[in-house]
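Asks: Dropping the structure in here first, questions after.
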Amino acid sequence: MPLSAKSRRPFGSHTFVTLLCGLLPVILGFAILYMQAERVLRQSTQSTADEALRQFELMLDNTAQSARELLPLAGQACNDVKLALREQVTRRPFVRSASLVLDDNLYCSSLFGDAQEKVNAGDYTQGSLWLMNGNPVTPDTALLVYRLSKGKQGALTTLDGYHLSNVLRLIGRKTLLLLQVGPNWLSTDGKVHVGALPVLPVAESKLTSSHYAFTVAAGFPEGENWRYMASEYPPLFSLLIFFGVVSGAIGHVLQKRTWSPTHEMQRALKAQEFVPYFQPVVHGDTKKWSGTEVLMRWKHPKEGMVRPDLFIPFAEHSGLIVPMTRSLMQQTAQCLGPVSQSFDSPFHIGINITASHCNDLELVKDCRAFLRAFAPGSIHLVLELTERELIKPSEITLELFEQLHALGVMIAIDDFGTGHSSLVYLRQFNVDFLKIDQSFVAMIGIDALSRHILDTIIELSVKLDLGIVAEGVETEEQSDYLTAHGVNFLQGYLFGQPMPGAEFINALTHH
């Protein structure tokens, strides 16, 4: 049937949604992998920085121990203590040189013996560490000098930069690792640089020693996340692409299932495939044609004529019933308007409306345009309220029905007696007609209870001074019974089936 027909959705929109469904899991997957790579790299830099910090502290522990052992010798003659200085250099694996200081004057060195060199405590970070780019003996080799002082006494021990850069290279093989002491910092190539540490773009991690005045920074260069993903996650990339293809296929299928009914009906509306069929309504006493109910049919190009019960409920649910009814009214006006001057008396034209038509005042404009297409006074437009959806009384609905009555439009309750809202409509709205449901008419002469309900409805319409139309009249017995009980108008297969406009106009001339 048409509601399950192949979607005629625009190709571009359909393709876009399909691509979106396919790309979404891929993009989300890449984002998750990117965050995972970032987490792994950050763990790596934290671990690297922590290990480097531990190694540097072990070296400085060794250097500091040497300084502590030499400090009591400060002030003694250089000839008496230079062997002790050289012994420290020999025994301590990381100590390159040792010196004694008295009154901020370096007077004895393990390298040269007697010396005269001023020591400036301001060169040392927190008074204890100085990262310098060599000395007169090795001008291009980094040195880390440890200073220990007590009163006028002082001891200096020097840690070879070779050991420092070795740690940076070995521990930081996969990362960028830097050592900072005060305003200077050391890179893996063993060179000392002046100024602030450079920013490490990816997963930067900094640790400051709690025992000595230095900081270690670890990180990765720009783009490391993608390089890591490319080297570690290729199988996952294939899996993501597979999920993307599956998701895109599912999105494509769901679009066909979910979207195609709405778009098929929208397409049909634009193509004017919803056409009016006319079923005559006759006077109860004379059986002369006095009007017609306009019924909607779907003339589908492939499926043929589609029954209304297969598409009307869906049209009401999707909100398309309003523009479909407008199109139906326009086509009816085009069909019957030109022959309206030949009508002997006001011809009743009934058109169904639902709760969706009562949400605004657009229906008034549609009815005004409909009436203008006919000769003045030649028709009575009857709007039949269906009860598939409850019309809730509100300021809008009350104003709507008031303006409709001002135009001369009549209101009928369709299928009266079968819906939960019929009596509510009678109380709230200014109703002109009741239409008896065919299920009661069909029970005439068969079911006594249904006949009693039918008699009650007829009696109610008389007391309320309402016109009454009986639907579904198929036998002479039913027709005679209804006429005998004063039913104004009859409608059913006994008098004519729903027919297209041209056939209806041709038949109308014979009645």
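By convention here, the chains of the structure tokens are called A, B, ... in the order presented, each chain's residues are numbered starting at 1, and ligands are numbered starting at 1 in the order presented.
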Any idea what's packed within 12 Å of Ser109 of chain A, counting only C-alpha atoms, ignoring anything in its chain fewer than 4 positions away? Could you give it as a PDB file with C-alpha atoms, in the first residue's frame?
Replies:
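Output (part_2.pdb):
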ATOM      1  CA  LEU A  70      83.656  18.316  53.620  1.00  0.00           C
ATOM      2  CA  ALA A  74      86.386  24.517  55.678  1.00  0.00           C
ATOM      3  CA  ALA A  77      94.827  24.960  55.167  1.00  0.00           C
ATOM      4  CA  CYS A  78      94.330  23.783  51.584  1.00  0.00           C
ATOM      5  CA  ASN A  79      97.472  21.583  51.679  1.00  0.00           C
ATOM      6  CA  VAL A  81      92.599  19.031  53.106  1.00  0.00           C
ATOM      7  CA  LYS A  82      93.088  18.771  49.355  1.00  0.00           C
ATOM      8  CA  LEU A  83      93.594  15.032  49.552  1.00  0.00           C
ATOM      9  CA  ALA A  84      90.249  14.762  51.352  1.00  0.00           C
ATOM     10  CA  LEU A  85      88.657  16.782  48.529  1.00  0.00           C
ATOM     11  CA  ARG A  86      90.129  14.511  45.880  1.00  0.00           C
ATOM     12  CA  GLN A  88      85.455  12.632  47.693  1.00  0.00           C
ATOM     13  CA  VAL A  89      85.698  13.105  43.916  1.00  0.00           C
ATOM     14  CA  ARG A  96      83.052  15.888  39.459  1.00  0.00           C
ATOM     15  CA  SER A  97      84.816  18.374  41.750  1.00  0.00           C
ATOM     16  CA  ALA A  98      84.731  19.633  45.341  1.00  0.00           C
ATOM     17  CA  SER A  99      85.741  22.978  46.863  1.00  0.00           C
ATOM     18  CA  LEU A 100      85.956  24.640  50.274  1.00  0.00           C
ATOM     19  CA  VAL A 101      84.693  28.145  51.009  1.00  0.00           C
ATOM     20  CA  ASN A 105      85.809  32.960  49.216  1.00  0.00           C
ATOM     21  CA  GLY A 113      94.458  23.100  45.097  1.00  0.00           C
ATOM     22  CA  ASP A 114      94.881  26.687  46.307  1.00  0.00           C
ATOM     23  CA  ALA A 115      92.456  29.076  44.643  1.00  0.00           C
ATOM     24  CA  GLN A 116      91.050  32.554  45.074  1.00  0.00           C
ATOM     25  CA  GLU A 117      87.493  33.003  43.755  1.00  0.00           C
ATOM     26  CA  ALA A 155      81.451  23.480  50.757  1.00  0.00           C
ATOM     27  CA  LEU A 156      80.738  23.190  47.036  1.00  0.00           C
ATOM     28  CA  THR A 157      80.292  19.910  45.186  1.00  0.00           C
ATOM     29  CA  THR A 158      79.782  19.802  41.437  1.00  0.00           C
TER      30      THR A 158
END
Asks: Please identify which residues in segment 90-220 of chain A DSSP calls helix (DSSP H, G or I) from the backbone, and express them as a compact mmCIF listing (two decimals) with C-alpha atoms, in the first residue's frame.
Replies:
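The resulting out_27.txt:
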# COMPACT_ATOMS: atom_id res chain seq x y z
CA THR A 90 87.17 9.62 43.59
CA ARG A 91 84.69 7.86 45.86
CA ALA A 121 75.32 33.24 47.15
CA GLY A 122 72.80 35.00 44.85
CA ASP A 123 73.85 32.78 41.94
CA GLY A 161 76.15 17.64 33.42
CA TYR A 162 76.90 14.47 31.46
CA HIS A 163 75.06 12.45 34.10
CA LEU A 164 72.15 14.91 34.05
CA SER A 165 71.69 14.84 30.27
CA ASN A 166 72.06 11.04 30.33
CA VAL A 167 69.08 10.82 32.66
CA LEU A 168 67.09 13.15 30.40
CA ARG A 169 67.88 11.05 27.34
CA LEU A 170 67.43 7.59 28.82
CA ILE A 171 64.32 8.19 30.90
Asks: Applying 12 Å and only C-alpha atoms, which residues near Glu459 of chain A remain after dropping the ones on its own chain fewer than 4 positions away? List them as a ChimeraX atom specification.
Replies: /A:434,452-455,463-468,485-487
Asks: Grab the residues selected above and save them as a short mmCIF file (atom, residue, chain, number, x, y, z; two decimals), in the first residue's frame with N, CA and C atoms.
Replies:
data_model
loop_
_atom_site.label_atom_id
_atom_site.label_comp_id
_atom_site.auth_asym_id
_atom_site.auth_seq_id
_atom_site.Cartn_x
_atom_site.Cartn_y
_atom_site.Cartn_z
N LEU A 434 -27.48 16.53 13.24
CA LEU A 434 -26.92 15.29 13.77
C LEU A 434 -26.91 14.27 12.65
N HIS A 452 -34.14 1.14 19.59
CA HIS A 452 -34.54 2.07 20.67
C HIS A 452 -33.55 3.24 20.77
N ILE A 453 -32.24 2.93 20.62
CA ILE A 453 -31.24 4.01 20.66
C ILE A 453 -31.47 4.96 19.51
N LEU A 454 -31.77 4.40 18.32
CA LEU A 454 -32.03 5.23 17.15
C LEU A 454 -33.24 6.12 17.39
N ASP A 455 -34.30 5.55 17.94
CA ASP A 455 -35.51 6.35 18.22
C ASP A 455 -35.19 7.47 19.21
N LYS A 463 -36.39 17.51 19.82
CA LYS A 463 -36.50 18.39 20.99
C LYS A 463 -35.50 19.55 20.91
N LEU A 464 -34.34 19.29 20.30
CA LEU A 464 -33.32 20.34 20.19
C LEU A 464 -33.46 21.14 18.91
N ASP A 465 -34.49 20.82 18.11
CA ASP A 465 -34.75 21.50 16.84
C ASP A 465 -33.53 21.42 15.93
N LEU A 466 -33.01 20.23 15.77
CA LEU A 466 -31.85 20.00 14.93
C LEU A 466 -32.24 19.19 13.71
N GLY A 467 -31.61 19.46 12.57
CA GLY A 467 -31.79 18.60 11.42
C GLY A 467 -31.10 17.27 11.66
N ILE A 468 -31.54 16.24 10.96
CA ILE A 468 -30.96 14.92 11.19
C ILE A 468 -30.74 14.22 9.86
N HIS A 485 -40.32 8.09 10.73
CA HIS A 485 -39.96 8.70 12.01
C HIS A 485 -39.46 10.13 11.85
N GLY A 486 -39.66 10.71 10.67
CA GLY A 486 -39.38 12.13 10.48
C GLY A 486 -37.93 12.49 10.26
N VAL A 487 -37.11 11.57 9.81
CA VAL A 487 -35.71 11.90 9.53
C VAL A 487 -35.65 12.75 8.27
#
Asks: Could you tell me how far atom CA of Ile413 of chain A sits from atom CA of Ile391 of chain A, in Å to one decimal place?
Replies: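 Atom-to-atom, atom CA of Ile391 of chain A and atom CA of Ile413 of chain A are spaced 11.6 Å apart.
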Asks: Report as number ranges by chain: the residues of segment 349-472 of chain A with a DSSP assignment of strand (DSSP E), based on the backbone of this structure.
Replies: A: 349-353, 379-385, 410-416, 433-436, 467-470
Asks: For a quick check of understanding, using only C-alpha atoms, which of A:Tyr107, A:Gln153, A:Leu41, A:Asp432 has the smallest distance to Pro221 of chain A?
Replies: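 That would be A:Leu41, the residue with the smallest distance to Pro221 of chain A.
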Asks: Considering only C-alpha atoms, can you say which of A:His317, A:Lys152, A:Arg297, A:His252 comes closest to Phe278 of chain A?
Replies: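 Closest residue, counting only C-alpha atoms: A:Arg297.
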Asks: Can you pull out every residue within 10 Å of Pro376 of chain A, counting only C-alpha atoms, but drop anything in the same chain fewer than 2 positions away, and send it as JSON, numbers by chain?
Replies: {"A": [340, 341, 346, 371, 372, 373, 374, 378, 379]}
Asks: Emit the selected residues as a tab-separated table (two decimals), in the first residue's frame, including C-alpha atoms.
Replies:
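result_14.tsv, freshly written:
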chain	number	residue	atom	x	y	z
A	340	SER	CA	-24.21	25.99	-8.91
A	341	GLN	CA	-26.58	28.37	-10.73
A	346	PRO	CA	-29.70	25.64	-1.53
A	371	LEU	CA	-18.41	30.04	-0.67
A	372	ARG	CA	-17.17	32.73	-3.09
A	373	ALA	CA	-16.83	30.04	-5.79
A	374	PHE	CA	-20.60	29.39	-5.83
A	378	SER	CA	-27.01	28.35	-4.08
A	379	ILE	CA	-25.44	26.14	-1.38
Asks: Give me the residues of segment 285-346 of chain A that have any atom at most 12 Å from an atom of segment 469-476 of chain A; for each, the nearest atom pair and the distance in Å, rounded to one decimal. Use only C-alpha atoms, sort by chain and number, and format it as a tab-separated table.
Replies:
residue	atom	partner	partner_atom	distance
A:Lys287	CA	A:Glu476	CA	11.6
A:Ser290	CA	A:Val469	CA	11.5
A:Gly291	CA	A:Val469	CA	11.1
A:Thr292	CA	A:Val469	CA	11.4
A:Glu293	CA	A:Glu471	CA	10.4
Asks: Neighbouring residues of Asn225 of chain A were defined as those with any atom within 10 Å, considering only C-alpha atoms; residues of the same chain fewer than 6 positions away were excluded. Please report them as a list of chain:residue names.
Replies: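 Counting only the stated atoms, we get A:Leu33, A:Tyr34, A:Met35, A:Gln36, A:Ala37, A:Glu38, A:Arg39, A:Val40, A:Leu41, A:Val202, A:Ala203.
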Asks: Using only C-alpha atoms, which protein or nucleic acid residues come within 12 Å of Met59 of chain A? Drop anything in the same chain fewer than 4 positions from it, and give the result as an mmCIF file with C-alpha atoms, in the first residue's frame.
Replies:
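Just written: around-v5.cif:
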data_model
loop_
_atom_site.group_PDB
_atom_site.id
_atom_site.type_symbol
_atom_site.label_atom_id
_atom_site.label_comp_id
_atom_site.auth_asym_id
_atom_site.auth_seq_id
_atom_site.Cartn_x
_atom_site.Cartn_y
_atom_site.Cartn_z
ATOM 1 C CA ALA A 52 63.464 11.623 36.412
ATOM 2 C CA LEU A 53 62.744 13.453 39.656
ATOM 3 C CA ARG A 54 63.694 10.370 41.634
ATOM 4 C CA GLN A 55 66.958 9.898 39.718
ATOM 5 C CA THR A 63 76.431 15.163 46.065
ATOM 6 C CA ALA A 64 74.940 16.639 49.244
ATOM 7 C CA GLN A 65 76.434 13.848 51.367
ATOM 8 C CA SER A 66 79.850 14.713 49.971
ATOM 9 C CA ARG A 92 81.493 9.637 44.772
ATOM 10 C CA PRO A 93 80.364 8.525 41.291
ATOM 11 C CA PHE A 94 78.500 11.721 40.429
ATOM 12 C CA VAL A 95 80.813 14.290 42.050
ATOM 13 C CA ARG A 96 83.052 15.888 39.459
ATOM 14 C CA LEU A 144 75.139 21.512 38.627
ATOM 15 C CA VAL A 145 76.808 23.024 41.702
ATOM 16 C CA TYR A 146 75.535 22.152 45.148
ATOM 17 C CA THR A 157 80.292 19.910 45.186
ATOM 18 C CA THR A 158 79.782 19.802 41.437
ATOM 19 C CA LEU A 159 77.631 17.262 39.605
ATOM 20 C CA ASP A 160 78.707 16.567 36.014
ATOM 21 C CA GLY A 161 76.147 17.640 33.418
ATOM 22 C CA HIS A 163 75.055 12.452 34.102
ATOM 23 C CA LEU A 164 72.149 14.906 34.053
ATOM 24 C CA VAL A 167 69.078 10.816 32.656
ATOM 25 C CA TYR A 212 66.055 20.292 46.301
#
Asks: Which of these, A:Ala218, A:Phe56, A:Glu87, A:Val194, has the shortest distance to Ser44 of chain A once you count only C-alpha atoms?
Replies: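 Among the listed residues, the smallest separation from Ser44 of chain A belongs to A:Ala218.
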Asks: Write out as a list of chain:residue names the residues lying within 12 Å of Ala271 of chain A, counting only C-alpha atoms and excluding same-chain residues fewer than 2 positions away.
Replies: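 My list of contacting residues is A:Glu264, A:Met265, A:Gln266, A:Arg267, A:Ala268, A:Leu269, A:Glu273, A:Phe274, A:Val275, A:Trp298, A:Lys299, A:His300, A:Pro301, A:Met324, A:Ser327.
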Asks: For Ala315 of chain A, which of A:Phe495, A:Ser345, A:Ser356, A:Val339 is the closest residue, counting only C-alpha atoms?
Replies: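 Comparing A:Phe495, A:Ser345, A:Ser356, A:Val339 against Ala315 of chain A, the winner is A:Ser356.
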Asks: I'd like to know which of A:Asp285, A:Glu204, A:Asp80, A:Glu222 is closest to Thr483 of chain A, using only C-alpha atoms.
Replies: A:Asp285
